[in-house]
Amino acid sequence: MKRIIVDIDIKNVIDIVRKRKGRISAFFAKHVMNEATIREEVERRVVDEIQKGIEMNLKIRLHQEGIKARVDIRQENPSTSHTGQTSQ
């Protein structure tokens, strides 16, 4: 089985919050909430949207090309994913 791995590191988290929620929310997010918490939430939402787009478009394109395949699209947190290797 072949895999495609996409790593996403969003550089403008506060700008995204400001654009989506307005300046007041961005101010509170920047000064009241932990930046790591904000980053995690923004990255989760962005990855959810990317995943939805890939699933929808991939199914359509495969069907158009007459390709029958099992496609598993899932999210993994790099800090909790395991490679199956053990160190000794």
# chains A, B, ... in the order shown; residues from 1 in each chain; ligands from 1
>>> select_by_dssp(residues="region 7-74 of chain A", states="helix (DSSP H, G or I)", output="ChimeraX atom specification")
/A:13-21,23-31,35-64
>>> atom_distance(atom1="CA of Glu49 (chain A)", atom2="CA of Ala69 (chain A)")
22.4 Å
>>> atom_distance(atom1="CA of Arg74 (chain A)", atom2="CA of Asp48 (chain A)")
9.7 Å
>>> closest_residue(among="A:Leu58, A:Ile4, A:Lys68, A:Asp9", to="Val46 (chain A)", atoms="only C-alpha atoms")
A:Asp9
>>> closest_residue(among="A:Ile67, A:Val42, A:Val6, A:Ala36", to="Lys21 (chain A)", atoms="only C-alpha atoms")
A:Val42
>>> closest_residue(among="A:Lys52, A:Arg44, A:Arg39, A:Arg3", to="Asp15 (chain A)", atoms="only C-alpha atoms")
A:Arg39
>>> closest_residue(among="A:Val47, A:Leu62, A:Met33, A:Val17", to="Glu76 (chain A)", atoms="only C-alpha atoms")
A:Val47
>>> atom_distance(atom1="CA of Ile14 (chain A)", atom2="CA of Gly53 (chain A)")
23.6 Å
>>> closest_residue(among="A:Glu43, A:Ile10, A:Met56, A:Arg18", to="Asn77 (chain A)", atoms="only C-alpha atoms")
A:Glu43
